[in-house]
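First the structure, in the form of structure tokens, and then the observations on it.
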Amino acid sequence: MLFSIRFASFLSTFKSSAMPKNYLALLITLLSSAVMAQPEARLLRFPTVSKDAIVFSYAGDLYTVSRSGGIARKLTNDAGYEMFARFSPDGKTLAFTGQYDGNTEVYKMPAEGGIPLRLSYSATLGRDDVSDRMGPNNVVMGWKNDNSSVVYRSRKKSFNSFKGQLYLASVDGGPSEELPFSVAGFCSFSPDNKKLALNRVFREFRTWKYYRGGMADDIWVYDFASRQMENITNNPAQDIFPMWSGDKIFFCSDRDRTMNLFVYDLKTKLTTKLTNYAEYDIKFPSLGSDAIVYENGGFIYVYDLKTNKESKINITIADDAVVGRNELIDATKFIENNDFDLGPDGNRIVVTARGDIWTVPATEGITRNLSRSSSSHERSVVWSPDGKCLAFISDASGEDEIYIQKQDGSEAPVQLTQGADTYKYYLSWSPDSKKIAWPDKKLRLQYVDVDTKQVTPVDQAGAWEFQDASWAPDSRWISYTRIEDNSISRIYIYDTQTKKSFPATDTWYNSYGATFSKDGKYLFFASDRDFNPLFSNTEFNHAYADMAKVYFITLAKATSSPLGLKNDEVQVSSPAAASKDTKDAKTKASAEETKPATKPVIIDADGLMGRIVSLPIPPGNYGGITAVGESVYYLSNSIKSADVMLKLFDLKEKKETEIGKFGNYVISFDQKKMLLERDKQFSIVDLPKGKVEMDKKVDLSNLKVRIDRKQEWQQIFNEAWRQMRDFFYDPGMHGVDWIAMKKKCSAGTLRESPGRPYVRHRRNDQ
């Protein structure tokens, strides 16, 4: 209204001027076009066509538009997803798959819009979602040609997500009728309803490009009278979406690599290619009375059955784009799994939530968001042992790089690494806060010097990524797990002075999760060395479970085992010996006063594997080991008790104690506090010696962040591209130019921006 008033006032003033009339008309046209112009909509999905209109899904709702295009009108407004709309043969009714009542079910409504009426009723499936790789449940396929019923595919009677059956839902309600097929997918009735063209496999949502295996589909024709089935395509490629019109069956096939439209003539038995798209596949076509409508590259096209010509339909969505508005959200709902740490004195914790780094006080104080960015994703955050800095991985540069930042956020982050070429995993600080180690997807283990930013390679695996990395207390040694070529995981120790590694365990048993004790005397780890087979009651077979225990190695030959046998003897001493003992005690005390702050860790590689000792605990599954003084903490479960339990083993008392059921934990660097985690809630307690509860939780209520959704969408796009590049099994991407593919899929609408990879489990290695 305000613009209209101002525009009218402007025109009245403009008309009284000496400007020629043709200029005035041109200006009015330009201004009107600027006001009315709307960008052409894209990502329009699952279209259907009648003689006059096209209905499609956009942002989870149904829209209708004239066949000539223009501004689309919204038909549905439910929070759930509405999709796979199909016009009835007479064009008066729409059948569609909707989520109005929680479940994904079949509905009908007037073609012009109106109140939906539910036609199907089925149990809720655990994987019933439009984003599922097997597709949603109860997908509308089409209609019988007498307008009496809707045919839909359902998994309601199948335990296998690949397999579903076809059902008919009467428009008048009542139980659905199952069609006589054990498995089936997309289908189309003949004009007289006596036959059905169908696919027997439904895997269009699982887009295996150029697939030629046993799951490739064909078009089959079933005769309801003779109960005979005929394969009319019999092609190794994917032949899908049969659409029966007159004496022809139209379908899509990727036999020429890109999915195009074909037609099979029932009289001549000949197949003809109708379209020649080379850039994007045809997706989800639907047959109307005189045309076929389909997706291609996010746009909607119509293929005219009379002229045999396709045309792109220009469609505009003129809505408020509410899903793209910035929003203040609760980041506690997006705390990333096992991506947290405890400050060295236990006074603050740091977590990654919604891709930002947050530090939160233990009891009271300010919650800080150190990232505050919707265009980058920070993860794998760890606190430096000296408490000054946080280290994390960020894709702010477009690739995964390592950064450090002052823990109070008073300065901008400092980038430590350059030229990233793959995904980086968790970080591990050296105890002197001078170096950071990390593994990556290219099977490398490296560390970077914080001051010089020099990167040093530790090892290069040949079989799998490195599983963990732990620093010795003197910051000289790194223990890590390497998967050998025989698939056995083996622990190695790397010397940062000699730049060489040597094995600490053999290749007979899997060993993993190594961590140095805080005094540097022992290396603790888990290993699968117990063989207690379970025998089946129904099959002549056996299985091994609960194979692991916690083990340790005495690193120096002179170090005695804390679990060694003890033998009481009578102690006999003389005055001279007593005098010598007093002198030795004074000398030792003096040495203690003058010893360096960090005692060098002595490792005698010779005979290392012969000094392995098992903790006297029952076999099970173990991980997250941390040794502090005479206490060894670890997480465990077993087939007898599936819940993860935090436990403590006292080396002096030779006794195991349960601490409680927690998902993970971290011990502060000063060894006085422990951070407990359960269901993404946290509690800080004094280093426990017995059972504890999360009575007082860390207050996360201030984890609120205003997100820029458009920046996040750009980031998500780039993340997906990098994830495919970094994790696809073929480094050559099957010959696909992956950079060109990124440009193609972005269609010029997205900036170069980083992504949001998933987070691996962090290790308790501090």
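We name chains A, B, ... following the order of the structure tokens; residues begin at 1 in each chain, and ligands are numbered from 1 as shown.
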
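Look at Gly660 of chain A: the protein and nucleic acid residues within 6 Å of it, using only C-alpha atoms and passing over chain neighbours fewer than 5 places away, are Met645, Leu646 and Lys691 of chain A.
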
message = Residues near Lys306 of chain A, anyone? I mean within 10 Å using only C-alpha atoms, not counting same-chain ones fewer than 3 positions away, as a VMD selection string.
response = chain A and resid 290 to 291 303 309

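Computed from the coordinates, the atom CA of Gln405 of chain A to atom CA of Leu390 of chain A distance equals 5.4 Å.
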
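The shortest atom-to-atom distance to Thr64 of chain A, with only C-alpha atoms taken into account, belongs to A:Ile315 out of A:Ile315, A:Cys252, A:Asn702, A:Ser286.
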
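Atom CA of Val150 of chain A lies 21.1 Å from atom CA of Asp52 of chain A.
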
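You can rank A:Thr515, A:Ser560, A:Ser149, A:Thr307 by their closest distance to Gly174 of chain A using only C-alpha atoms, and at the top of that list sits A:Ser149.
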
message = When you count only C-alpha atoms, which of these residues is closest to Ala627 of chain A: A:Pro600, A:Pro457, A:Gly343, A:Pro473?
response = A:Pro473

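Between atom CA of Val644 of chain A and atom CA of Asp695 of chain A the interatomic distance comes to 19.0 Å.
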
request  = From a DSSP calculation on the backbone, collect every residue of segment 607-655 of chain A in strand (DSSP E) and output the set as a PyMOL selection string.
outcome  = chain A and resi 612-614+621-628+631-637+645-650+655

Same residues, C-alpha atoms, output as an mmCIF file, in the first residue's frame:
```
data_model
loop_
_atom_site.group_PDB
_atom_site.id
_atom_site.type_symbol
_atom_site.label_atom_id
_atom_site.label_comp_id
_atom_site.auth_asym_id
_atom_site.auth_seq_id
_atom_site.Cartn_x
_atom_site.Cartn_y
_atom_site.Cartn_z
ATOM 1 C CA ILE A 612 51.990 -57.062 28.321
ATOM 2 C CA VAL A 613 49.781 -57.651 31.359
ATOM 3 C CA SER A 614 45.992 -58.038 31.544
ATOM 4 C CA ASN A 621 34.004 -54.616 25.009
ATOM 5 C CA TYR A 622 36.312 -51.869 26.279
ATOM 6 C CA GLY A 623 37.367 -48.395 25.213
ATOM 7 C CA GLY A 624 37.926 -44.832 26.369
ATOM 8 C CA ILE A 625 40.783 -45.794 28.670
ATOM 9 C CA THR A 626 42.439 -43.183 30.914
ATOM 10 C CA ALA A 627 44.997 -43.992 33.619
ATOM 11 C CA VAL A 628 45.482 -41.533 36.492
ATOM 12 C CA SER A 631 43.225 -45.613 38.925
ATOM 13 C CA VAL A 632 42.358 -46.848 35.441
ATOM 14 C CA TYR A 633 39.052 -45.560 34.018
ATOM 15 C CA TYR A 634 37.336 -47.135 31.023
ATOM 16 C CA LEU A 635 33.985 -47.663 29.305
ATOM 17 C CA SER A 636 32.663 -51.182 28.852
ATOM 18 C CA ASN A 637 29.701 -53.310 27.916
ATOM 19 C CA MET A 645 29.201 -48.508 31.932
ATOM 20 C CA LEU A 646 32.010 -46.276 33.174
ATOM 21 C CA LYS A 647 34.253 -48.284 35.481
ATOM 22 C CA LEU A 648 37.368 -47.833 37.575
ATOM 23 C CA PHE A 649 40.071 -50.379 38.269
ATOM 24 C CA ASP A 650 42.304 -49.741 41.284
ATOM 25 C CA LYS A 655 39.535 -54.128 42.409
#
```
